[in-house]
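*Asks:* My file is my_file07.cif. It has mmCIF, C-alpha atoms:
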data_coords
loop_
_atom_site.label_atom_id
_atom_site.label_comp_id
_atom_site.auth_asym_id
_atom_site.auth_seq_id
_atom_site.Cartn_x
_atom_site.Cartn_y
_atom_site.Cartn_z
CA MET A 21 18.91 1.92 12.26
CA ILE A 22 16.83 4.94 13.30
CA VAL A 23 14.79 3.10 15.93
CA ASP A 24 15.65 0.85 18.84
CA ARG A 25 15.20 -2.78 17.81
CA ALA A 26 13.98 -3.36 21.36
CA ASP A 27 10.86 -1.38 20.41
CA PHE A 28 9.81 -4.38 18.28
CA PRO A 29 9.13 -7.43 20.45
CA LEU A 30 9.39 -9.99 17.64
CA LEU A 31 12.77 -8.65 16.55
CA ALA A 32 13.98 -8.26 20.14
CA ASN A 33 13.03 -11.88 20.83
CA HIS A 34 14.88 -13.05 17.71
CA PRO A 35 18.16 -11.11 17.57
CA GLU A 36 19.50 -13.50 14.93
CA LEU A 37 16.73 -12.56 12.46
CA HIS A 38 17.36 -10.34 9.41
CA TYR A 39 13.83 -9.35 8.43
CA LEU A 40 13.85 -8.03 4.86
CA ASP A 41 10.20 -8.49 3.89
CA SER A 42 8.58 -5.28 5.11
CA ALA A 43 7.03 -4.62 1.70
CA ALA A 44 4.84 -7.65 2.46
CA THR A 45 4.16 -6.67 6.07
CA SER A 46 6.04 -4.69 8.68
CA GLN A 47 6.88 -5.70 12.21
CA LYS A 48 4.90 -4.01 14.98
CA PRO A 49 6.36 -1.76 17.67
CA ARG A 50 5.39 -2.16 21.29
CA ALA A 51 3.49 1.14 21.12
CA VAL A 52 1.06 -0.34 18.58
CA LEU A 53 0.65 -3.60 20.48
CA ASP A 54 0.05 -1.67 23.72
CA ALA A 55 -2.56 0.55 22.04
CA LEU A 56 -4.44 -2.51 20.79
CA LEU A 57 -4.36 -4.16 24.19
CA ASP A 58 -5.34 -0.96 25.98
CA TYR A 59 -8.42 -0.52 23.79
CA TYR A 60 -9.66 -4.06 24.33
CA ARG A 61 -8.88 -4.02 28.04
CA CYS A 62 -10.33 -0.59 28.80
CA ASP A 63 -12.74 0.70 26.15
CA ASN A 64 -14.09 -2.21 24.13
CA ALA A 65 -17.74 -1.74 23.15
CA ASN A 66 -19.75 -1.34 19.96
CA PRO A 67 -19.42 2.32 18.95
CA HIS A 68 -22.17 4.60 17.63
CA ARG A 69 -24.87 2.29 19.00
CA GLY A 70 -24.92 2.46 22.78
CA ALA A 71 -26.32 5.18 25.00
CA TYR A 72 -23.93 4.29 27.79
CA THR A 73 -20.51 5.55 28.85
CA LEU A 74 -18.41 2.62 27.65
CA SER A 75 -19.89 2.78 24.15
CA ALA A 76 -19.29 6.52 24.11
CA ARG A 77 -15.63 5.91 24.98
CA ALA A 78 -15.32 3.37 22.14
CA THR A 79 -16.89 5.89 19.78
CA GLU A 80 -14.42 8.54 20.90
CA ARG A 81 -11.45 6.20 20.41
CA TYR A 82 -12.63 5.43 16.86
CA HIS A 83 -13.16 9.12 16.10
CA ASP A 84 -9.75 10.03 17.51
CA ALA A 85 -8.06 7.28 15.48
CA ARG A 86 -9.56 8.65 12.28
CA ALA A 87 -8.42 12.17 13.17
CA ARG A 88 -4.87 10.93 13.91
CA VAL A 89 -4.60 9.03 10.64
CA ALA A 90 -5.97 12.02 8.71
CA ARG A 91 -3.32 14.27 10.27
CA PHE A 92 -0.54 11.82 9.38
CA ILE A 93 -1.49 11.73 5.70
CA GLY A 94 -2.27 15.42 5.35
CA VAL A 95 -6.07 15.35 5.09
CA ARG A 96 -7.93 18.19 6.80
CA ASP A 97 -11.46 16.86 6.19
CA MET A 98 -11.23 13.68 8.26
CA ASP A 99 -14.67 12.45 7.13
CA ARG A 100 -13.05 11.71 3.76
CA VAL A 101 -10.96 9.05 5.51
CA ILE A 102 -12.80 5.74 5.09
CA PHE A 103 -11.57 2.78 7.13
CA THR A 104 -11.41 -0.49 5.15
CA ARG A 105 -9.69 -3.85 5.57
CA GLY A 106 -6.76 -2.71 3.44
CA THR A 107 -5.65 -1.42 0.06
CA THR A 108 -7.27 -4.31 -1.80
CA GLU A 109 -10.70 -3.60 -0.35
CA SER A 110 -10.24 0.14 -0.87
CA LEU A 111 -9.50 -0.25 -4.58
CA ASN A 112 -12.31 -2.76 -5.03
CA LEU A 113 -14.63 -0.30 -3.33
CA VAL A 114 -13.82 2.35 -5.94
CA ALA A 115 -13.95 -0.03 -8.91
CA THR A 116 -17.28 -1.44 -7.74
CA ALA A 117 -19.18 1.49 -6.22
CA TRP A 118 -17.91 4.23 -8.54
CA GLY A 119 -17.02 2.06 -11.51
CA TYR A 120 -20.31 0.29 -12.11
CA ALA A 121 -22.18 3.57 -11.73
CA ASN A 122 -19.97 5.54 -14.12
CA VAL A 123 -18.06 3.31 -16.56
CA THR A 124 -19.95 2.12 -19.62
CA ALA A 125 -19.32 0.35 -22.91
CA GLY A 126 -16.83 2.25 -25.06
CA ASP A 127 -15.09 3.91 -22.13
CA GLU A 128 -11.39 3.32 -21.56
CA ILE A 129 -9.55 2.55 -18.32
CA VAL A 130 -5.82 3.24 -18.30
CA ILE A 131 -3.53 1.41 -15.88
CA THR A 132 0.18 0.56 -15.96
CA GLY A 133 2.14 -2.62 -16.48
CA MET A 134 3.68 -2.45 -13.00
CA GLU A 135 0.45 -2.57 -10.98
CA HIS A 136 -0.14 -4.92 -8.07
CA HIS A 137 -3.00 -7.27 -8.86
CA ALA A 138 -5.19 -5.28 -6.45
CA ASN A 139 -4.97 -2.29 -8.80
CA PHE A 140 -5.10 -4.39 -11.96
CA VAL A 141 -7.74 -7.10 -11.63
CA PRO A 142 -10.63 -4.91 -10.33
CA TRP A 143 -10.29 -2.65 -13.38
CA GLN A 144 -9.85 -5.63 -15.69
CA GLN A 145 -13.04 -7.22 -14.38
CA LEU A 146 -14.97 -3.95 -14.51
CA ALA A 147 -13.95 -3.46 -18.14
CA ARG A 148 -14.97 -7.02 -19.04
CA SER A 149 -18.33 -6.62 -17.29
CA VAL A 150 -19.43 -3.35 -18.88
CA GLY A 151 -17.69 -3.55 -22.26
CA ALA A 152 -15.05 -0.93 -21.55
CA LYS A 153 -11.48 -1.21 -22.85
CA LEU A 154 -8.54 -1.75 -20.51
CA ARG A 155 -5.40 -0.03 -21.78
CA ILE A 156 -2.06 -0.88 -20.17
CA CYS A 157 0.87 1.51 -20.25
CA GLY A 158 4.33 0.06 -20.79
CA LEU A 159 7.54 0.64 -18.87
CA THR A 160 10.98 1.97 -19.63
CA ALA A 161 14.06 -0.25 -19.54
CA ASP A 162 14.87 0.88 -15.99
CA GLY A 163 11.43 0.08 -14.59
CA ARG A 164 9.59 3.39 -14.76
CA ILE A 165 6.20 4.22 -16.25
CA ASP A 166 6.67 5.30 -19.88
CA LEU A 167 5.22 8.81 -19.62
CA ASP A 168 5.12 9.34 -23.38
CA GLN A 169 3.11 6.18 -23.82
CA PHE A 170 0.86 7.04 -20.88
CA GLN A 171 0.09 10.40 -22.47
CA ALA A 172 -0.66 8.71 -25.78
CA LEU A 173 -3.01 6.19 -24.15
CA VAL A 174 -5.02 8.76 -22.21
CA GLY A 175 -7.59 10.19 -24.58
CA PRO A 176 -11.14 11.50 -24.88
CA ASN A 177 -12.65 8.09 -24.01
CA THR A 178 -10.53 7.62 -20.87
CA ASN A 179 -12.81 7.46 -17.84
CA VAL A 180 -10.35 6.18 -15.23
CA ALA A 181 -6.57 6.38 -14.78
CA ALA A 182 -5.24 4.11 -12.02
CA PHE A 183 -1.60 3.75 -10.98
CA GLY A 184 0.58 2.96 -7.99
CA HIS A 185 2.48 5.62 -6.11
CA VAL A 186 5.32 3.14 -5.51
CA SER A 187 5.82 -0.24 -7.19
CA ASN A 188 5.75 -3.13 -4.73
CA ALA A 189 7.93 -5.26 -7.01
CA LEU A 190 10.52 -2.71 -8.18
CA GLY A 191 10.30 0.08 -5.61
CA THR A 192 9.89 2.66 -8.38
CA ILE A 193 8.53 5.98 -7.07
CA ASN A 194 6.16 7.20 -9.74
CA PRO A 195 5.64 10.86 -10.71
CA ILE A 196 2.10 11.24 -9.37
CA ALA A 197 1.78 14.92 -10.26
CA GLU A 198 2.65 14.31 -13.92
CA LEU A 199 0.43 11.26 -14.26
CA SER A 200 -2.50 13.06 -12.63
CA ALA A 201 -2.04 16.13 -14.83
CA ILE A 202 -2.22 13.96 -17.96
CA ALA A 203 -5.43 12.29 -16.74
CA ARG A 204 -6.98 15.60 -15.68
CA ARG A 205 -6.74 16.97 -19.23
CA VAL A 206 -9.48 14.56 -20.31
CA GLY A 207 -11.47 14.62 -17.06
CA ALA A 208 -10.60 11.05 -16.02
CA LEU A 209 -11.00 9.80 -12.47
CA VAL A 210 -7.56 9.45 -10.85
CA VAL A 211 -7.02 6.50 -8.51
CA CYS A 212 -3.71 5.95 -6.68
CA ASP A 213 -2.54 2.79 -4.92
CA GLY A 214 -0.45 4.08 -2.02
CA ALA A 215 0.18 0.81 -0.20
CA GLN A 216 3.96 1.05 -0.69
CA ALA A 217 4.15 4.83 -0.31
CA ALA A 218 2.37 5.59 2.96
CA PRO A 219 4.91 3.61 5.06
CA HIS A 220 7.94 5.21 3.42
CA LEU A 221 7.28 8.71 2.07
CA PRO A 222 5.99 11.96 3.59
CA LEU A 223 2.38 12.33 2.43
CA ASP A 224 0.21 15.40 1.94
CA ILE A 225 -2.83 13.95 0.22
CA ASP A 226 -4.75 17.22 0.21
CA HIS A 227 -2.09 18.50 -2.17
CA LEU A 228 -1.92 15.37 -4.34
CA ASP A 229 -4.17 15.84 -7.34
CA VAL A 230 -5.88 12.45 -7.06
CA ASP A 231 -9.52 11.52 -6.56
CA PHE A 232 -8.84 8.40 -4.51
CA TYR A 233 -5.81 7.28 -2.50
CA ALA A 234 -5.62 3.86 -0.82
CA PHE A 235 -3.19 2.29 1.64
CA SER A 236 -2.86 -0.47 4.27
CA GLY A 237 -2.04 -0.27 7.96
CA HIS A 238 -0.02 -3.46 8.27
CA LYS A 239 2.74 -2.24 5.93
CA MET A 240 3.32 0.86 8.10
CA LEU A 241 3.70 -0.76 11.56
CA GLY A 242 -0.07 -1.09 12.12
CA PRO A 243 -2.25 -4.19 12.49
CA MET A 244 -3.37 -6.42 9.67
CA GLY A 245 -6.99 -5.99 8.63
CA CYS A 246 -7.11 -2.20 8.68
CA GLY A 247 -6.63 0.16 5.76
CA VAL A 248 -7.75 3.51 4.44
CA LEU A 249 -9.42 4.95 1.38
CA VAL A 250 -9.31 8.73 1.00
CA GLY A 251 -11.70 10.17 -1.57
CA LYS A 252 -12.78 13.59 -2.64
CA ARG A 253 -15.91 14.58 -0.75
CA GLU A 254 -18.02 15.49 -3.78
CA ILE A 255 -17.30 12.11 -5.38
CA LEU A 256 -17.90 10.09 -2.20
CA GLU A 257 -21.20 11.84 -1.62
CA GLN A 258 -22.41 11.02 -5.14
CA MET A 259 -21.25 7.39 -5.09
CA PRO A 260 -23.59 4.58 -4.13
CA PRO A 261 -22.50 2.58 -1.07
CA TYR A 262 -20.19 -0.40 -1.43
CA GLN A 263 -21.98 -2.50 1.19
CA THR A 264 -25.29 -2.06 2.95
CA GLY A 265 -26.34 -2.88 6.50
CA GLY A 266 -25.94 -1.46 9.94
CA ASP A 267 -24.65 2.04 10.64
CA MET A 268 -24.37 3.12 7.00
CA ILE A 269 -28.07 3.93 6.74
CA GLU A 270 -30.03 7.05 7.57
CA TYR A 271 -33.54 5.66 7.21
CA VAL A 272 -34.93 2.30 6.15
CA ALA A 273 -38.48 2.13 4.82
CA ASP A 274 -40.12 -1.02 3.52
CA GLU A 275 -39.31 -0.22 -0.10
CA ARG A 276 -36.31 2.12 -0.02
CA SER A 277 -33.46 3.32 2.17
CA THR A 278 -31.35 6.45 2.49
CA TRP A 279 -27.69 6.58 3.41
CA ASN A 280 -25.77 7.99 6.35
CA VAL A 281 -23.29 10.86 6.04
CA LEU A 282 -19.57 10.40 5.43
CA PRO A 283 -17.61 8.46 6.50
CA HIS A 284 -20.31 6.10 7.84
CA LYS A 285 -21.89 5.64 4.40
CA PHE A 286 -18.96 3.40 3.40
CA GLU A 287 -18.38 1.64 6.73
CA ALA A 288 -21.20 -0.87 6.99
CA GLY A 289 -21.41 -3.09 10.06
CA THR A 290 -19.48 -3.08 13.30
CA PRO A 291 -16.25 -1.13 12.72
CA ASN A 292 -12.79 -2.50 13.38
CA VAL A 293 -12.12 -0.06 16.23
CA GLY A 294 -9.17 -1.86 17.79
CA ASP A 295 -7.15 -2.00 14.59
CA ALA A 296 -7.98 1.64 13.80
CA VAL A 297 -6.60 2.55 17.23
CA GLY A 298 -3.50 0.49 16.44
CA LEU A 299 -3.05 2.23 13.08
CA ALA A 300 -3.31 5.61 14.80
CA ALA A 301 -0.56 4.50 17.21
CA ALA A 302 1.58 3.51 14.22
CA CYS A 303 1.10 6.99 12.74
CA GLU A 304 2.15 8.50 16.05
CA TYR A 305 5.27 6.32 16.14
CA LEU A 306 6.28 7.21 12.58
CA ASP A 307 5.65 10.91 13.16
CA GLY A 308 7.94 10.68 16.18
CA ILE A 309 10.73 9.57 13.85
CA GLY A 310 9.85 11.89 10.97
CA MET A 311 9.03 10.56 7.52
CA ALA A 312 11.91 12.48 5.94
CA LYS A 313 14.28 10.48 8.17
CA VAL A 314 12.49 7.26 7.27
CA ARG A 315 12.99 8.05 3.59
CA GLU A 316 16.68 8.93 3.96
CA HIS A 317 17.42 5.84 6.04
CA GLU A 318 15.85 3.54 3.46
CA ARG A 319 17.57 5.28 0.59
CA THR A 320 20.96 4.68 2.23
CA LEU A 321 20.31 0.97 2.79
CA THR A 322 18.75 0.47 -0.64
CA ALA A 323 21.72 2.11 -2.36
CA SER A 324 24.13 -0.08 -0.42
CA ALA A 325 22.22 -3.30 -1.14
CA SER A 326 21.82 -2.46 -4.85
CA GLU A 327 25.49 -1.64 -5.32
CA ARG A 328 26.77 -4.65 -3.42
CA LEU A 329 24.39 -7.08 -5.13
CA SER A 330 25.23 -5.69 -8.56
CA ALA A 331 28.90 -6.33 -7.87
CA ILE A 332 28.26 -10.08 -7.50
CA PRO A 333 28.71 -11.98 -10.80
CA GLY A 334 25.42 -13.24 -12.21
CA VAL A 335 23.22 -10.95 -10.13
CA ARG A 336 20.82 -8.56 -11.83
CA VAL A 337 19.01 -5.82 -9.90
CA TYR A 338 15.73 -4.54 -11.40
CA GLY A 339 14.33 -1.04 -11.25
CA PRO A 340 15.65 2.53 -11.10
CA PRO A 341 18.54 3.91 -9.01
CA ALA A 342 18.14 4.10 -5.23
CA ALA A 343 17.34 7.82 -5.37
CA ASP A 344 14.18 7.01 -7.32
CA ARG A 345 12.99 3.95 -5.46
CA SER A 346 11.63 3.09 -2.03
CA GLY A 347 13.15 0.48 0.27
CA VAL A 348 12.73 -2.37 -2.26
CA VAL A 349 15.50 -4.22 -4.08
CA SER A 350 14.34 -6.92 -6.52
CA PHE A 351 16.98 -9.13 -8.09
CA THR A 352 17.74 -12.44 -9.74
CA VAL A 353 20.81 -14.68 -9.68
CA ASP A 354 21.77 -16.58 -12.82
CA GLY A 355 21.06 -20.29 -12.53
CA ILE A 356 19.14 -20.05 -9.25
CA HIS A 357 15.36 -19.87 -9.03
CA PRO A 358 14.26 -17.11 -6.63
CA HIS A 359 12.41 -19.69 -4.49
CA ASP A 360 15.61 -21.72 -4.07
CA LEU A 361 17.53 -18.55 -3.32
CA ALA A 362 15.03 -17.54 -0.64
CA THR A 363 15.32 -20.98 0.95
CA ILE A 364 19.10 -20.72 1.22
CA LEU A 365 18.83 -17.16 2.56
CA ASP A 366 16.41 -18.43 5.18
CA GLU A 367 19.06 -20.87 6.39
CA GLY A 368 21.03 -17.76 7.36
CA GLN A 369 17.96 -16.20 9.03
CA VAL A 370 17.50 -13.74 6.15
CA CYS A 371 13.83 -13.25 5.31
CA VAL A 372 13.10 -12.15 1.72
CA ARG A 373 10.10 -12.57 -0.56
CA ALA A 374 10.43 -14.67 -3.72
CA GLY A 375 7.87 -14.89 -6.51
CA HIS A 376 5.88 -12.63 -8.79
CA HIS A 377 4.85 -10.34 -5.89
CA CYS A 378 1.22 -10.22 -7.06
CA ALA A 379 2.49 -8.51 -10.21
CA GLN A 380 2.38 -11.17 -12.93
CA PRO A 381 1.83 -8.64 -15.76
CA LEU A 382 5.03 -6.89 -14.66
CA MET A 383 7.01 -10.15 -14.59
CA ARG A 384 5.88 -10.89 -18.15
CA ARG A 385 7.11 -7.48 -19.24
CA LEU A 386 10.45 -8.17 -17.56
CA ASP A 387 10.49 -11.61 -19.25
CA ILE A 388 11.17 -13.43 -16.00
CA PRO A 389 9.02 -15.76 -13.86
CA ALA A 390 9.93 -14.20 -10.54
CA THR A 391 12.44 -12.22 -8.51
CA ALA A 392 13.84 -12.28 -5.00
CA ARG A 393 12.83 -9.11 -3.18
CA ALA A 394 14.61 -7.62 -0.19
CA SER A 395 12.68 -4.75 1.38
CA PHE A 396 14.07 -2.46 4.05
CA TYR A 397 12.43 -0.44 6.80
CA ILE A 398 13.21 1.60 9.87
CA TYR A 399 14.51 -1.32 11.96
CA ASN A 400 17.05 -2.51 9.38
CA THR A 401 20.77 -1.77 9.38
CA GLU A 402 23.85 -2.36 7.26
CA ALA A 403 24.24 -5.64 9.17
CA ASP A 404 21.10 -6.86 7.38
CA VAL A 405 22.67 -5.93 4.05
CA ASP A 406 25.80 -7.86 5.07
CA ALA A 407 23.70 -10.93 5.85
CA LEU A 408 21.88 -10.65 2.52
CA ILE A 409 25.16 -10.50 0.59
CA ARG A 410 26.58 -13.47 2.52
CA GLY A 411 23.45 -15.45 1.75
CA VAL A 412 23.55 -14.71 -1.98
CA GLU A 413 27.23 -15.68 -2.15
CA ARG A 414 26.46 -18.85 -0.25
CA ALA A 415 23.69 -19.69 -2.74
CA ARG A 416 26.10 -19.24 -5.64
CA GLU A 417 28.48 -21.69 -3.97
CA VAL A 418 25.72 -24.25 -3.42
CA PHE A 419 24.53 -24.03 -7.02
CA GLY A 420 28.00 -23.84 -8.49
#
What's the structure tokens form of this structure?
*Replies:*
Amino acid sequence: MIVDRADFPLLANHPELHYLDSAATSQKPRAVLDALLDYYRCDNANPHRGAYTLSARATERYHDARARVARFIGVRDMDRVIFTRGTTESLNLVATAWGYANVTAGDEIVITGMEHHANFVPWQQLARSVGAKLRICGLTADGRIDLDQFQALVGPNTNVAAFGHVSNALGTINPIAELSAIARRVGALVVCDGAQAAPHLPLDIDHLDVDFYAFSGHKMLGPMGCGVLVGKREILEQMPPYQTGGDMIEYVADERSTWNVLPHKFEAGTPNVGDAVGLAAACEYLDGIGMAKVREHERTLTASASERLSAIPGVRVYGPPAADRSGVVSFTVDGIHPHDLATILDEGQVCVRAGHHCAQPLMRRLDIPATARASFYIYNTEADVDALIRGVERAREVFG
């Protein structure tokens, strides 16, 4: 453990709990909860709209939150940081606002077989709507993107290449630089789902060769309902807005309207200031630890869990070695459905996710209906691995 469990009120109040579902959502440190409460107690007002001191303070808190998040992810031009409700909305924003303006019949969209539904279905639906072709890259036996096949799929008709930085179901850390370079050769738009990377890896988005990068606050200690889309300025400025309404307009005439500057153009309506402040506090907390330490801590626990699970008869662990994966360990146990396994683990206060993890195309490629997924974060220790192993052994006893 590289943090004090007492920093996390839910975990401090439940010392018996082994929370191994951070890939779904992380627990929140006191610093984030305090930042949320402080904003609503001291500075709550509608920003950008009021010519009074309290509104100006709310505007400043929102501006400062954007600047703090931009610094955490390595983005110098903070106006490229668009606040959304999460990764799902961010990716839908791109597929809708950019996609319908730029993808036409005969174009090809390349994605991978390990994508979360949020980076699969928007492109699928866009392709169906405009008559484009969705091409899906396969995987290697150890759960990586097949780079040879990806290169073969990306061709002169490829308009978009979309892929995850880290697989939510396998933990695979994908080679973003190589994938982007392949897409760049044909001039394709590069879209990266970073929901499982931003909480776990050091990020320097200005030096990632992607056009769009999306992630969620709640997976990295922040509140639910707040996420980020980072886009290249020249693309964002050319894109039509995703939603229309208050604060995203410059001028409204009876028959036409013009749009506000970035980032406001893509943030219609009253902004979610409180959650943006909470996300900024989460970035501050993680920076205080150091993302390199976060990565090393998770790698240690993931390696231990993978090795110890693999040593149990009938257990199969999916995905690459610990050195090439984030804090996710997906596995199955012969003769036990993952839902039943999760129920028995819960009896021992071990919280894991069981199911297809919003990655049904991946499960089909693995030829399984579901997995159990243990996911580790900064507040976990070897004691949580011990509890996981005890629970799996107990399940094997119950099911004979």
*Asks:* Just how far from CA of Val186 in chain A is CA of Arg345 in chain A, in Å to one decimal?
*Replies:*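 Interatomic distance here is 7.7 Å.
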*Asks:* Carefully work through the PyMOL selection byres ((chain A and resi 142-147) around 9) for this structure and note down the residues it includes, as a PyMOL selection string.
*Replies:* chain A and resi 111-112+115-116+119-120+123-125+127-131+137-141+148-154+182
*Asks:* Neighbourhood query: residues within 8 Å of (13.4, -13.5, -10.1), file coordinates, counting all atoms listed in the file; return as a ChimeraX atom specification.
*Replies:* /A:350-353,357-358,374-376,388-392
*Asks:* Go through range 115-183 of chain A residue by residue and, counting all atoms listed in the file, keep those with an atom at most 8 Å from range 189-196 of chain A; for each kept residue give the shortest atom pair and its distance in Å to one decimal, ordered by chain and increasing number, as JSON lines.
*Replies:*
{"residue": "A:Met134", "atom": "CA", "partner": "A:Ala189", "partner_atom": "CA", "distance": 7.9}
{"residue": "A:Gly163", "atom": "CA", "partner": "A:Thr192", "partner_atom": "CA", "distance": 6.9}
{"residue": "A:Arg164", "atom": "CA", "partner": "A:Thr192", "partner_atom": "CA", "distance": 6.4}
{"residue": "A:Ile165", "atom": "CA", "partner": "A:Asn194", "partner_atom": "CA", "distance": 7.2}
*Asks:* On this structure, which residues satisfy the PyMOL selection byres ((chain A and resi 48-51) around 12), written as an NGL selection string?
*Replies:* :A and (23-32 or 42 or 45-47 or 52-58 or 237-244 or 297-306 or 308 or 397-399)
*Asks:* Starting from the shown file, work through the PyMOL selection byres ((chain A and resi 228) around 10) and note down what comes out as a VMD selection string.
*Replies:* chain A and resid 94 196 to 197 200 212 223 to 227 229 to 233
*Asks:* May I ask which of the residues A:Thr320, A:Thr160, A:Gln216, A:Thr132 is the closest one to Tyr338 in chain A, counting all atoms listed in the file?
*Replies:*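 Nearest candidate to Tyr338 in chain A out of A:Thr320, A:Thr160, A:Gln216, A:Thr132: A:Thr160.
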*Asks:* Point out the residue among A:Glu275, A:Asn122, A:Glu80, A:Val180 with the least atom-to-atom distance to Pro260 in chain A, counting only C-alpha atoms.
*Replies:*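 Closest to Pro260 in chain A of all the choices is A:Asn122.
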*Asks:* Which is closer to Ala78 in chain A than all the others in A:Gly411, A:Gly126, A:Pro35, A:Pro291, using all atoms listed in the file?
*Replies:*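 Answer, going by the shortest atom-to-atom distance: A:Pro291.
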*Asks:* To one decimal place in Å, what is the distance between CA of Tyr59 in chain A and CA of Ala90 in chain A?
*Replies:*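 Between CA of Tyr59 in chain A and CA of Ala90 in chain A the gap works out to 19.8 Å.
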*Asks:* Any idea what the distance is between CA of Val370 in chain A and CA of His38 in chain A?
*Replies:* 4.7 Å
